file structure_36.pdb (PDB, C-alpha atoms and all ligand atoms)
ATOM      1  CA  MET A  16     -82.846  57.566  -8.651
ATOM      2  CA  GLY A  17     -84.931  59.887  -6.545
ATOM      3  CA  ARG A  18     -88.308  58.844  -5.295
ATOM      4  CA  ARG A  19     -91.280  60.796  -6.472
ATOM      5  CA  SER A  20     -92.524  63.373  -4.076
ATOM      6  CA  ARG A  21     -96.049  63.204  -2.745
ATOM      7  CA  ARG A  22     -98.344  65.974  -3.783
ATOM      8  CA  ASP A  23     -99.708  67.018  -0.401
ATOM      9  CA  LYS A  24    -100.435  70.398   1.064
ATOM     10  CA  PRO A  25     -97.522  71.982   2.883
ATOM     11  CA  GLU A  26     -99.417  72.351   6.143
ATOM     12  CA  GLU A  27    -100.406  68.661   6.197
ATOM     13  CA  LEU A  28     -96.826  67.683   5.563
ATOM     14  CA  ARG A  29     -95.603  69.988   8.286
ATOM     15  CA  GLN A  30     -97.960  68.354  10.770
ATOM     16  CA  ASN A  31     -96.837  64.878   9.651
ATOM     17  CA  LEU A  32     -93.288  65.897  10.197
ATOM     18  CA  VAL A  33     -93.938  67.224  13.682
ATOM     19  CA  GLU A  34     -95.703  63.996  14.556
ATOM     20  CA  LEU A  35     -92.891  61.844  13.181
ATOM     21  CA  LEU A  36     -90.345  63.831  15.134
ATOM     22  CA  SER A  37     -92.218  63.605  18.395
ATOM     23  CA  ASN A  38     -92.611  59.842  17.941
ATOM     24  CA  PHE A  39     -88.898  59.716  17.424
ATOM     25  CA  GLU A  40     -88.351  60.802  21.018
ATOM     26  CA  ASN A  41     -89.317  57.303  22.136
ATOM     27  CA  LYS A  42     -87.142  55.624  19.528
ATOM     28  CA  LEU A  43     -84.183  57.672  20.659
ATOM     29  CA  LYS A  44     -84.658  56.465  24.215
ATOM     30  CA  HIS A  45     -85.457  52.795  23.689
ATOM     31  CA  ASP A  46     -84.644  51.526  20.221
ATOM     32  CA  ASP A  47     -81.397  50.154  18.860
ATOM     33  CA  LEU A  48     -79.339  51.956  16.261
ATOM     34  CA  ARG A  49     -80.837  50.195  13.268
ATOM     35  CA  GLN A  50     -84.382  51.006  14.366
ATOM     36  CA  GLN A  51     -83.434  54.623  14.977
ATOM     37  CA  VAL A  52     -81.935  54.963  11.508
ATOM     38  CA  ARG A  53     -84.954  53.347   9.922
ATOM     39  CA  GLY A  54     -87.190  55.589  11.979
ATOM     40  CA  LEU A  55     -85.580  58.637  10.429
ATOM     41  CA  ILE A  56     -86.284  57.610   6.834
ATOM     42  CA  PRO A  57     -89.911  58.818   6.867
ATOM     43  CA  VAL A  58     -88.698  62.037   8.499
ATOM     44  CA  PHE A  59     -86.272  62.635   5.650
ATOM     45  CA  ASN A  60     -88.872  61.830   3.031
ATOM     46  CA  THR A  61     -91.548  63.983   4.574
ATOM     47  CA  LEU A  62     -89.152  66.883   4.927
ATOM     48  CA  ARG A  63     -88.317  66.499   1.282
ATOM     49  CA  ASP A  64     -91.985  66.375   0.326
ATOM     50  CA  LEU A  65     -92.537  69.525   2.337
ATOM     51  CA  GLY A  66     -89.765  71.301   0.422
ATOM     52  CA  SER A  67     -91.166  70.334  -2.956
ATOM     53  CA  SER A  68     -94.763  71.113  -1.942
ATOM     54  CA  ILE A  69     -93.882  74.796  -1.589
ATOM     55  CA  LEU A  70     -93.822  75.053  -5.395
ATOM     56  CA  PRO A  71     -97.068  73.244  -6.215
ATOM     57  CA  ASP A  72     -97.043  74.062  -9.939
ATOM     58  CA  GLY A  73     -93.923  72.091 -10.732
ATOM     59  CA  GLU A  74     -94.735  68.598 -11.981
ATOM     60  CA  SER A  75     -91.220  67.228 -11.658
ATOM     61  CA  GLY A  76     -88.162  68.092  -9.617
ATOM     62  CA  ARG A  77     -86.625  69.665 -12.702
ATOM     63  CA  ASP A  78     -89.740  71.802 -13.259
ATOM     64  CA  ARG A  79     -89.569  73.067  -9.708
ATOM     65  CA  ILE A  80     -85.879  73.917 -10.008
ATOM     66  CA  LEU A  81     -86.645  75.923 -13.129
ATOM     67  CA  LEU A  82     -89.650  77.642 -11.538
ATOM     68  CA  TYR A  83     -87.518  78.643  -8.593
ATOM     69  CA  LEU A  84     -84.652  79.924 -10.749
ATOM     70  CA  ARG A  85     -87.095  81.925 -12.876
ATOM     71  CA  LYS A  86     -88.662  83.404  -9.794
ATOM     72  CA  TYR A  87     -85.256  84.721  -8.778
ATOM     73  CA  PRO A  88     -83.326  85.535 -11.957
ATOM     74  CA  TYR A  89     -79.894  87.170 -11.521
ATOM     75  CA  VAL A  90     -79.978  86.196  -7.850
ATOM     76  CA  HIS A  91     -77.270  84.186  -6.227
ATOM     77  CA  LEU A  92     -78.888  80.907  -5.176
ATOM     78  CA  ASN A  93     -77.271  78.173  -3.169
ATOM     79  CA  GLY A  94     -77.473  74.627  -4.478
ATOM     80  CA  GLN A  95     -79.156  73.532  -1.276
ATOM     81  CA  GLU A  96     -82.111  75.779  -2.060
ATOM     82  CA  LEU A  97     -82.509  73.887  -5.320
ATOM     83  CA  MET A  98     -82.233  70.637  -3.401
ATOM     84  CA  VAL A  99     -85.059  71.727  -1.090
ATOM     85  CA  VAL A 100     -87.496  72.881  -3.780
ATOM     86  CA  SER A 101     -86.783  69.960  -6.100
ATOM     87  CA  GLY A 102     -87.302  67.306  -3.465
ATOM     88  CA  ILE A 103     -85.119  64.886  -5.436
ATOM     89  CA  ASP A 104     -81.709  63.326  -4.902
ATOM     90  CA  ASP A 105     -80.296  64.019  -8.317
ATOM     91  CA  TRP A 106     -81.152  67.720  -8.406
ATOM     92  CA  ALA A 107     -77.632  68.694  -9.568
ATOM     93  CA  ARG A 108     -78.023  66.505 -12.623
ATOM     94  CA  ARG A 109     -81.351  68.181 -13.418
ATOM     95  CA  VAL A 110     -79.715  71.602 -13.206
ATOM     96  CA  ARG A 111     -77.098  70.397 -15.661
ATOM     97  CA  GLU A 112     -79.804  69.246 -18.057
ATOM     98  CA  LEU A 113     -81.556  72.574 -17.808
ATOM     99  CA  ARG A 114     -78.429  74.504 -18.650
ATOM    100  CA  VAL A 115     -76.806  72.265 -21.211
ATOM    101  CA  GLU A 116     -79.705  70.526 -22.955
ATOM    102  CA  HIS A 117     -82.558  72.955 -22.497
ATOM    103  CA  GLY A 118     -80.769  76.227 -23.068
ATOM    104  CA  TRP A 119     -81.272  77.975 -19.733
ATOM    105  CA  LYS A 120     -78.314  80.200 -18.996
ATOM    106  CA  ILE A 121     -77.546  79.033 -15.498
ATOM    107  CA  LEU A 122     -74.086  79.999 -14.331
ATOM    108  CA  THR A 123     -72.577  77.691 -11.737
ATOM    109  CA  GLY A 124     -69.993  78.651  -9.169
ATOM    110  CA  VAL A 125     -67.471  76.217 -10.623
ATOM    111  CA  THR A 126     -67.662  77.788 -14.073
ATOM    112  CA  ALA A 127     -67.686  81.331 -12.682
ATOM    113  CA  LYS A 128     -64.493  80.562 -10.797
ATOM    114  CA  GLU A 129     -62.826  79.355 -13.964
ATOM    115  CA  ILE A 130     -63.920  82.479 -15.838
ATOM    116  CA  VAL A 131     -62.625  84.748 -13.075
ATOM    117  CA  ARG A 132     -59.379  82.860 -12.688
ATOM    118  CA  ASP A 133     -58.697  83.169 -16.341
ATOM    119  CA  ALA A 134     -59.940  86.643 -17.151
ATOM    120  CA  GLU A 135     -56.773  88.636 -16.713
ATOM    121  CA  GLU A 136     -58.780  91.839 -16.821
ATOM    122  CA  VAL A 137     -61.309  91.076 -14.144
ATOM    123  CA  ASP A 138     -59.214  92.293 -11.227
ATOM    124  CA  SER A 139     -58.546  95.604 -12.907
ATOM    125  CA  LEU A 140     -62.247  96.427 -13.082
ATOM    126  CA  PRO A 141     -63.912  98.199 -10.185
ATOM    127  CA  ASN A 142     -66.666  95.630  -9.677
ATOM    128  CA  GLY A 143     -64.786  92.571 -10.884
ATOM    129  CA  ALA A 144     -66.499  92.895 -14.288
ATOM    130  CA  GLY A 145     -69.822  92.277 -12.600
ATOM    131  CA  LEU A 146     -68.803  88.711 -11.885
ATOM    132  CA  PRO A 147     -70.321  87.789  -8.593
ATOM    133  CA  LYS A 148     -68.265  86.077  -5.949
ATOM    134  CA  MET A 149     -69.685  82.599  -6.056
ATOM    135  CA  LYS A 150     -69.080  79.424  -4.115
ATOM    136  CA  PRO A 151     -68.772  76.239  -6.184
ATOM    137  CA  ASP A 152     -72.261  75.212  -5.102
ATOM    138  CA  ASP A 153     -73.926  78.486  -6.169
ATOM    139  CA  TYR A 154     -76.160  79.065  -9.161
ATOM    140  CA  ILE A 155     -77.423  82.126 -11.022
ATOM    141  CA  LEU A 156     -79.957  82.305 -13.823
ATOM    142  CA  LEU A 157     -78.343  84.846 -16.149
ATOM    143  CA  ASP A 158     -81.099  85.274 -18.667
ATOM    144  CA  GLU A 159     -84.858  84.931 -18.334
ATOM    145  CA  ARG A 160     -85.243  83.737 -21.895
ATOM    146  CA  GLN A 161     -84.744  80.129 -22.873
ATOM    147  CA  ASP A 162     -82.343  79.716 -25.765
ATOM    148  CA  ARG A 163     -84.299  77.424 -28.069
ATOM    149  CA  GLU A 164     -81.350  76.817 -30.339
ATOM    150  CA  ALA A 165     -79.539  75.210 -27.450
ATOM    151  CA  ALA A 166     -81.191  71.859 -28.053
ATOM    152  CA  HIS A 167     -79.749  71.891 -31.542
ATOM    153  CA  ARG A 168     -76.345  72.978 -30.241
ATOM    154  CA  TRP A 169     -76.465  70.214 -27.681
ATOM    155  CA  LYS A 170     -76.144  67.688 -30.504
ATOM    156  CA  SER A 171     -73.156  69.436 -32.016
ATOM    157  CA  ALA A 172     -71.542  69.815 -28.578
ATOM    158  CA  ASN A 173     -71.964  66.115 -27.962
ATOM    159  CA  ARG A 174     -70.415  65.188 -31.270
ATOM    160  CA  ILE A 175     -67.485  67.588 -30.971
ATOM    161  CA  ARG A 176     -66.545  66.740 -27.395
ATOM    162  CA  LYS A 177     -65.922  63.138 -28.482
ATOM    163  CA  LEU A 178     -63.550  64.025 -31.329
ATOM    164  CA  SER A 179     -59.857  63.438 -30.807
ATOM    165  CA  LEU A 180     -58.879  67.088 -30.980
ATOM    166  CA  ASN A 181     -57.249  69.266 -28.360
ATOM    167  CA  VAL A 182     -59.477  71.431 -26.192
ATOM    168  CA  GLN A 183     -58.808  74.595 -28.160
ATOM    169  CA  ASP A 184     -59.659  73.000 -31.520
ATOM    170  CA  LYS A 185     -62.853  71.523 -30.123
ATOM    171  CA  ILE A 186     -63.951  74.888 -28.792
ATOM    172  CA  LEU A 187     -63.106  76.642 -32.051
ATOM    173  CA  LEU A 188     -65.014  74.060 -34.065
ATOM    174  CA  PHE A 189     -68.052  74.437 -31.815
ATOM    175  CA  LEU A 190     -67.930  78.235 -32.031
ATOM    176  CA  LYS A 191     -67.577  78.111 -35.807
ATOM    177  CA  GLU A 192     -70.670  75.930 -36.079
ATOM    178  CA  ASN A 193     -72.515  78.573 -34.076
ATOM    179  CA  ILE A 194     -71.313  81.890 -35.433
ATOM    180  CA  GLY A 195     -73.217  84.859 -34.072
ATOM    181  CA  ASN A 196     -74.949  82.835 -31.357
ATOM    182  CA  GLU A 197     -74.689  83.480 -27.653
ATOM    183  CA  ILE A 198     -72.896  80.496 -26.166
ATOM    184  CA  SER A 199     -72.623  79.982 -22.442
ATOM    185  CA  GLY A 200     -69.408  79.167 -20.642
ATOM    186  CA  GLU A 201     -71.197  76.070 -19.434
ATOM    187  CA  GLU A 202     -71.532  74.838 -23.001
ATOM    188  CA  LEU A 203     -67.881  75.510 -23.809
ATOM    189  CA  ARG A 204     -66.894  73.734 -20.644
ATOM    190  CA  TYR A 205     -69.027  70.790 -21.707
ATOM    191  CA  VAL A 206     -67.417  70.698 -25.169
ATOM    192  CA  ALA A 207     -64.035  70.703 -23.393
ATOM    193  CA  LYS A 208     -65.148  67.622 -21.433
ATOM    194  CA  ASN A 209     -65.222  69.722 -18.273
ATOM    195  CA  LYS A 210     -61.489  70.395 -18.389
ATOM    196  CA  SER A 211     -60.852  73.570 -16.425
ATOM    197  CA  GLU A 212     -58.453  74.875 -19.091
ATOM    198  CA  TRP A 213     -61.449  75.744 -21.317
ATOM    199  CA  ALA A 214     -61.570  79.413 -20.250
ATOM    200  CA  ARG A 215     -57.876  79.949 -20.933
ATOM    201  CA  ARG A 216     -58.199  78.301 -24.339
ATOM    202  CA  VAL A 217     -61.057  80.620 -25.267
ATOM    203  CA  ARG A 218     -58.991  83.646 -24.278
ATOM    204  CA  GLU A 219     -56.053  82.378 -26.348
ATOM    205  CA  LEU A 220     -58.305  81.960 -29.366
ATOM    206  CA  ARG A 221     -59.071  85.676 -29.036
ATOM    207  CA  THR A 222     -55.767  87.156 -27.919
ATOM    208  CA  GLU A 223     -53.284  84.891 -29.695
ATOM    209  CA  GLU A 224     -55.148  83.508 -32.689
ATOM    210  CA  GLY A 225     -57.165  86.636 -33.411
ATOM    211  CA  TRP A 226     -60.624  85.021 -33.470
ATOM    212  CA  PRO A 227     -63.373  87.487 -32.510
ATOM    213  CA  VAL A 228     -64.720  85.489 -29.559
ATOM    214  CA  LEU A 229     -66.339  88.346 -27.687
ATOM    215  CA  THR A 230     -67.652  88.693 -24.162
ATOM    216  CA  LYS A 231     -69.065  91.475 -22.042
ATOM    217  CA  THR A 232     -65.592  92.720 -21.183
ATOM    218  CA  THR A 233     -63.930  92.088 -24.534
ATOM    219  CA  GLY A 234     -65.984  94.023 -27.040
ATOM    220  CA  MET A 235     -69.701  93.309 -26.551
ATOM    221  CA  PRO A 236     -70.690  95.258 -23.431
ATOM    222  CA  GLU A 237     -74.344  94.280 -23.801
ATOM    223  CA  LEU A 238     -73.752  90.554 -23.293
ATOM    224  CA  PRO A 239     -74.447  88.996 -19.934
ATOM    225  CA  ILE A 240     -71.424  87.776 -18.014
ATOM    226  CA  GLY A 241     -70.389  84.242 -18.876
ATOM    227  CA  ILE A 242     -71.631  84.433 -22.479
ATOM    228  CA  TYR A 243     -69.385  84.123 -25.543
ATOM    229  CA  VAL A 244     -70.060  84.979 -29.189
ATOM    230  CA  LEU A 245     -67.857  84.234 -32.171
ATOM    231  CA  VAL A 246     -69.032  87.179 -34.266
ATOM    232  CA  SER A 247     -67.436  86.205 -37.558
ATOM    233  CA  ASP A 248     -65.424  83.453 -39.182
ATOM    234  CA  ARG A 249     -62.355  85.589 -39.580
ATOM    235  CA  GLN A 250     -59.083  86.026 -37.725
ATOM    236  CA  SER A 251     -57.631  89.484 -37.202
ATOM    237  CA  PRO A 252     -54.441  90.304 -39.173
ATOM    238  CA  LYS A 253     -51.504  88.306 -37.868
ATOM    239  CA  GLU A 254     -49.394  91.233 -36.797
ATOM    240  CA  ASP A 255     -52.165  92.598 -34.569
ATOM    241  CA  ARG A 256     -52.540  89.428 -32.546
ATOM    242  CA  ALA A 257     -50.975  88.880 -29.145
ATOM    243  CA  VAL A 258     -52.652  91.989 -27.763
ATOM    244  CA  LYS A 259     -53.798  91.219 -24.250
ATOM    245  CA  ASP A 260     -57.482  91.673 -23.383
ATOM    246  CA  ALA A 261     -56.751  94.375 -20.809
ATOM    247  CA  LEU A 262     -54.673  96.459 -23.241
ATOM    248  CA  ARG A 263     -57.193  96.055 -26.048
ATOM    249  CA  ARG A 264     -59.948  97.201 -23.754
ATOM    250  CA  GLU A 265     -57.935 100.261 -22.710
ATOM    251  CA  VAL A 266     -57.635 101.159 -26.386
ATOM    252  CA  PHE A 267     -61.366 100.635 -26.975
ATOM    253  CA  VAL A 268     -62.290 102.705 -23.926
ATOM    254  CA  ARG A 269     -60.008 105.542 -25.004
ATOM    255  CA  ASP A 270     -61.618 105.524 -28.458
ATOM    256  CA  GLY A 271     -65.148 105.315 -27.031
ATOM    257  CA  TYR A 272     -65.739 101.824 -28.471
ATOM    258  CA  GLU A 273     -65.861 103.321 -31.960
ATOM    259  CA  CYS A 274     -64.051 102.513 -35.198
ATOM    260  CA  ARG A 275     -61.712 105.425 -35.876
ATOM    261  CA  ASP A 276     -62.402 105.234 -39.599
ATOM    262  CA  CYS A 277     -66.150 104.638 -39.981
ATOM    263  CA  LYS A 278     -67.501 105.181 -36.412
ATOM    264  CA  TRP A 279     -69.049 101.716 -36.225
ATOM    265  CA  THR A 280     -69.843 100.665 -32.635
ATOM    266  CA  PRO A 281     -70.832  97.288 -31.136
ATOM    267  CA  HIS A 282     -74.388  98.637 -30.566
ATOM    268  CA  GLN A 283     -74.846  98.365 -34.326
ATOM    269  CA  TRP A 284     -73.976  94.694 -34.364
ATOM    270  CA  ASN A 285     -76.338  92.454 -36.312
ATOM    271  CA  ARG A 286     -76.164  89.111 -38.047
ATOM    272  CA  SER A 287     -76.193  90.510 -41.578
ATOM    273  CA  ASP A 288     -73.200  92.759 -40.828
ATOM    274  CA  PRO A 289     -71.303  90.875 -38.175
ATOM    275  CA  ARG A 290     -68.471  93.250 -37.390
ATOM    276  CA  ASN A 291     -66.280  93.588 -34.357
ATOM    277  CA  LEU A 292     -63.721  96.037 -33.045
ATOM    278  CA  GLU A 293     -60.031  95.278 -33.224
ATOM    279  CA  ALA A 294     -56.831  96.959 -32.120
ATOM    280  CA  HIS A 295     -54.512  97.945 -34.949
ATOM    281  CA  HIS A 296     -50.835  98.889 -34.765
ATOM    282  CA  GLU A 297     -50.478 102.325 -36.404
ATOM    283  CA  LYS A 298     -46.768 101.808 -36.817
ATOM    284  CA  PRO A 299     -46.521  98.193 -37.958
ATOM    285  CA  HIS A 300     -45.221  95.746 -35.429
ATOM    286  CA  ALA A 301     -42.754  94.467 -38.029
ATOM    287  CA  GLU A 302     -41.283  97.963 -38.336
ATOM    288  CA  GLY A 303     -40.733  98.250 -34.620
ATOM    289  CA  GLY A 304     -44.181  99.591 -33.693
ATOM    290  CA  ALA A 305     -44.793  98.800 -30.039
ATOM    291  CA  THR A 306     -47.781  96.902 -28.700
ATOM    292  CA  LYS A 307     -48.658  99.857 -26.491
ATOM    293  CA  LYS A 308     -51.751 101.976 -26.098
ATOM    294  CA  GLU A 309     -50.080 104.915 -27.873
ATOM    295  CA  ASN A 310     -49.455 102.866 -31.008
ATOM    296  CA  LEU A 311     -52.806 101.063 -31.069
ATOM    297  CA  ILE A 312     -56.086 102.330 -32.477
ATOM    298  CA  THR A 313     -59.620 100.967 -32.596
ATOM    299  CA  LEU A 314     -60.901  99.830 -35.983
ATOM    300  CA  CYS A 315     -63.829  97.698 -37.064
ATOM    301  CA  ASN A 316     -62.712  94.573 -38.896
ATOM    302  CA  ILE A 317     -63.872  95.940 -42.289
ATOM    303  CA  CYS A 318     -61.829  99.134 -41.982
ATOM    304  CA  HIS A 319     -59.035  97.116 -40.449
ATOM    305  CA  ASP A 320     -58.772  94.810 -43.457
ATOM    306  CA  ASP A 321     -58.916  97.902 -45.624
ATOM    307  CA  ARG A 322     -55.947  99.473 -43.891
ATOM    308  CA  HIS A 323     -53.916  96.290 -44.187
ATOM    309  CA  ARG A 324     -54.844  95.917 -47.836
ATOM    310  CA  LYS A 325     -53.662  99.458 -48.525
ATOM    311  CA  ARG A 326     -50.555  98.922 -46.485
ATOM    312  CA  GLY A 327     -49.953  95.734 -48.472
ATOM    313  CA  LEU A 328     -50.293  97.631 -51.738
ATOM    314  CA  LEU A 329     -47.927 100.330 -50.542
ATOM    315  CA  ALA A 330     -45.441  97.706 -49.481
ATOM    316  CA  ILE A 331     -45.168  96.201 -52.952
ATOM    317  CA  PRO A 332     -41.693  97.090 -54.260
ATOM    318  CA  SER A 333     -42.062  99.466 -57.237
ATOM    319  CA  GLY A 334     -40.020  97.927 -59.956
TER     320      GLY A 334
HETATM  321 ZN    ZN B 401     -64.827 100.844 -39.520
HETATM  322 ZN    ZN B 402     -53.866  96.075 -38.052
END
call {"tool": "encode", "arguments": {"input": "structure_36.pdb", "output": "structure tokens", "more": "lines below"}}
Ligand SMILES: [Zn+2]
Ligand SMILES: [Zn+2]
result
Amino acid sequence: MGRRSRRDKPEELRQNLVELLSNFENKLKHDDLRQQVRGLIPVFNTLRDLGSSILPDGESGRDRILLYLRKYPYVHLNGQELMVVSGIDDWARRVRELRVEHGWKILTGVTAKEIVRDAEEVDSLPNGAGLPKMKPDDYILLDERQDREAAHRWKSANRIRKLSLNVQDKILLFLKENIGNEISGEELRYVAKNKSEWARRVRELRTEEGWPVLTKTTGMPELPIGIYVLVSDRQSPKEDRAVKDALRREVFVRDGYECRDCKWTPHQWNRSDPRNLEAHHEKPHAEGGATKKENLITLCNICHDDRHRKRGLLAIPSG
């Protein structure tokens, strides 16, 4: 466990540090190895105290990490900066608590890499879908608001991650318990017991199983990067599944992100009418309709079900 930092003024600490370092000159010349190593311990500690004294308002290392992140939201921060301001050994663990238990949307480089690696569409976008190039040890605060429901979700995440289900079923269960809520990739990764396949499984839920798990690039342009929302407890019609994200987005873009039948757009999304856009085969797949842009149109799920219902009625053999 980390030692508690002293609450001194930065300038006093700086002077202490200078003094300790100049005394060390003698140790370096005359002392044996053990004494030299021991002589450096107060230097390390004082340097650490100096780092944490720069943010005097933070009571604990975790407070100071949060203060620092909130001072620089949306900015690419290196983990070592958080180490410096926290002044504690287990700073990485505190970051994890902030993001998983306390509901701060802090994207880590490791998770960002998994999102990028999996998002087949990212490369095709001019700015990489806004996903920053991050090193594993980088952090970004994606949202200045704390998600107060996260503490509640934390319990469900903890329960679900221990179940003996495969990663995809765990993620689906967690999403279904949190319909309409903004879930971070970090949380899904946690539910998946940190298995890196989590991002691929989420994509498969959307593209192969037809669950409306939406992201910034897959139907909810207003979401921050790295956030997922299951907008309703409903799978798209079977024959319209297996449409890749990139193709579906091309169809949405062509249609101006608008339902062809009722003109609903994702800007109108709200909890009492949780719709989403889907791609529909005009000529049914079963009748040889291709999964190509030319044969796909944008519909909201309500109009989509409507079309399939009508198609179903028409398909009933007449006598
Ligand atoms: Zn519609
Ligand atoms: Zn359809």
call {"tool": "residues_near_ligand", "arguments": {"input": "structure_36.pdb", "ligand": "ligand ZN 402 (chain B)", "cutoff": "6 Å", "atoms": "only C-alpha atoms and all ligand atoms", "output": "PyMOL selection string"}}
result
chain A and resi 252+255+295-296+319
call {"tool": "closest_residue", "arguments": {"input": "structure_36.pdb", "among": "A:Lys150, A:Lys210, A:Lys191, A:Arg77", "to": "A:Ala127", "atoms": "all atoms listed in the file"}}
result
A:Lys150
call {"tool": "closest_atom_pairs", "arguments": {"input": "structure_36.pdb", "of": "stretch 82-140 of chain A", "to": "stretch 237-242 of chain A", "cutoff": "10 Å", "atoms": "only C-alpha atoms", "output": "JSON lines"}}
result
{"residue": "A:Lys120", "atom": "CA", "partner": "A:Ile242", "partner_atom": "CA", "distance": 8.6}
{"residue": "A:Ile121", "atom": "CA", "partner": "A:Gly241", "partner_atom": "CA", "distance": 9.5}
{"residue": "A:Leu122", "atom": "CA", "partner": "A:Gly241", "partner_atom": "CA", "distance": 7.2}
{"residue": "A:Thr123", "atom": "CA", "partner": "A:Gly241", "partner_atom": "CA", "distance": 9.9}
{"residue": "A:Thr126", "atom": "CA", "partner": "A:Gly241", "partner_atom": "CA", "distance": 8.5}
{"residue": "A:Ala127", "atom": "CA", "partner": "A:Gly241", "partner_atom": "CA", "distance": 7.4}
{"residue": "A:Ile130", "atom": "CA", "partner": "A:Gly241", "partner_atom": "CA", "distance": 7.4}
{"residue": "A:Val131", "atom": "CA", "partner": "A:Gly241", "partner_atom": "CA", "distance": 9.7}
call {"tool": "residues_near_ligand", "arguments": {"input": "structure_36.pdb", "ligand": "ligand ZN 401 (chain B)", "cutoff": "6 Å", "atoms": "only C-alpha atoms and all ligand atoms", "output": "list of chain:residue names"}}
result
A:Cys274, A:Asp276, A:Cys277, A:Lys278, A:Trp279, A:Leu314, A:Cys315, A:Ile317, A:Cys318
call {"tool": "atom_distance", "arguments": {"input": "structure_36.pdb", "atom1": "atom CA of A:Asp162", "atom2": "atom CA of A:Val90"}}
result
19.2 Å
call {"tool": "resolve_selection", "arguments": {"input": "structure_36.pdb", "expression": "the PyMOL selection byres (((chain A and resi 154) around 9) and not hetatm)", "output": "PyMOL selection string"}}
result
chain A and resi 84+90-94+121-124+149-153+155-156
call {"tool": "residues_near_point", "arguments": {"input": "structure_36.pdb", "point": "(-62.2, 101.4, -26.7)", "cutoff": "12 Å", "atoms": "only C-alpha atoms", "output": "PyMOL selection string"}}
result
chain A and resi 232-236+260-275+278-281+291-295+308+311-315
call {"tool": "residues_around", "arguments": {"input": "structure_36.pdb", "residues": "A:Glu112", "least_positions_apart": "5", "cutoff": "12 Å", "atoms": "only C-alpha atoms", "output": "PyMOL selection string"}}
result
chain A and resi 76-78+80-81+105-107+117-121+165-166+169+201-202+205
call {"tool": "atom_distance", "arguments": {"input": "structure_36.pdb", "atom1": "atom CA of A:Arg176", "atom2": "atom CA of A:Leu190"}}
result
12.5 Å
call {"tool": "resolve_selection", "arguments": {"input": "structure_36.pdb", "expression": "the PyMOL selection byres (((chain A and resi 217-219) around 10) and not hetatm)", "output": "MDAnalysis selection string"}}
result
chainID A and resid 130 133:135 182:184 186:187 190 200 203 212:216 220:226 228:229 233 243 257 259:260
call {"tool": "atom_distance", "arguments": {"input": "structure_36.pdb", "atom1": "atom CA of A:Ile194", "atom2": "atom CA of A:Ala207"}}
result
18.0 Å
call {"tool": "closest_residue", "arguments": {"input": "structure_36.pdb", "among": "A:Arg326, A:Arg132, A:Arg290, A:His282", "to": "A:Ser247", "atoms": "only C-alpha atoms"}}
result
A:Arg290
call {"tool": "closest_residue", "arguments": {"input": "structure_36.pdb", "among": "A:Lys44, A:Val244, A:Lys128, A:Arg79", "to": "A:Thr230", "atoms": "only C-alpha atoms"}}
result
A:Val244
call {"tool": "decode", "arguments": {"input": "structure_36.pdb", "residues": "stretch 280-288 of chain A", "atoms": "N, CA, C and O atoms", "output": "PDB file, in the first residue's frame"}}
result
ATOM      1  N   THR A 280     -35.258  10.342 -36.790  1.00  0.00           N
ATOM      2  CA  THR A 280     -33.783  10.384 -36.779  1.00  0.00           C
ATOM      3  C   THR A 280     -33.284  10.147 -35.350  1.00  0.00           C
ATOM      4  O   THR A 280     -34.018  10.391 -34.387  1.00  0.00           O
ATOM      5  N   PRO A 281     -32.028   9.723 -35.206  1.00  0.00           N
ATOM      6  CA  PRO A 281     -31.496   9.449 -33.859  1.00  0.00           C
ATOM      7  C   PRO A 281     -31.532  10.670 -32.937  1.00  0.00           C
ATOM      8  O   PRO A 281     -31.512  10.517 -31.706  1.00  0.00           O
ATOM      9  N   HIS A 282     -31.603  11.888 -33.479  1.00  0.00           N
ATOM     10  CA  HIS A 282     -31.689  13.081 -32.609  1.00  0.00           C
ATOM     11  C   HIS A 282     -32.956  13.061 -31.772  1.00  0.00           C
ATOM     12  O   HIS A 282     -33.025  13.710 -30.739  1.00  0.00           O
ATOM     13  N   GLN A 283     -33.975  12.325 -32.261  1.00  0.00           N
ATOM     14  CA  GLN A 283     -35.244  12.283 -31.540  1.00  0.00           C
ATOM     15  C   GLN A 283     -35.272  11.193 -30.467  1.00  0.00           C
ATOM     16  O   GLN A 283     -36.298  10.981 -29.839  1.00  0.00           O
ATOM     17  N   TRP A 284     -34.149  10.509 -30.306  1.00  0.00           N
ATOM     18  CA  TRP A 284     -34.155   9.379 -29.391  1.00  0.00           C
ATOM     19  C   TRP A 284     -34.514   9.810 -27.977  1.00  0.00           C
ATOM     20  O   TRP A 284     -34.040  10.804 -27.471  1.00  0.00           O
ATOM     21  N   ASN A 285     -35.393   9.081 -27.327  1.00  0.00           N
ATOM     22  CA  ASN A 285     -35.614   9.273 -25.891  1.00  0.00           C
ATOM     23  C   ASN A 285     -36.105   7.965 -25.292  1.00  0.00           C
ATOM     24  O   ASN A 285     -36.557   7.064 -25.993  1.00  0.00           O
ATOM     25  N   ARG A 286     -36.019   7.903 -23.954  1.00  0.00           N
ATOM     26  CA  ARG A 286     -36.305   6.650 -23.272  1.00  0.00           C
ATOM     27  C   ARG A 286     -37.725   6.145 -23.467  1.00  0.00           C
ATOM     28  O   ARG A 286     -37.978   4.948 -23.443  1.00  0.00           O
ATOM     29  N   SER A 287     -38.685   7.068 -23.635  1.00  0.00           N
ATOM     30  CA  SER A 287     -40.072   6.610 -23.754  1.00  0.00           C
ATOM     31  C   SER A 287     -40.375   6.107 -25.169  1.00  0.00           C
ATOM     32  O   SER A 287     -41.407   5.485 -25.399  1.00  0.00           O
ATOM     33  N   ASP A 288     -39.490   6.403 -26.110  1.00  0.00           N
ATOM     34  CA  ASP A 288     -39.695   5.940 -27.494  1.00  0.00           C
ATOM     35  C   ASP A 288     -38.334   5.510 -28.040  1.00  0.00           C
ATOM     36  O   ASP A 288     -37.753   6.155 -28.900  1.00  0.00           O
TER      37      ASP A 288
END
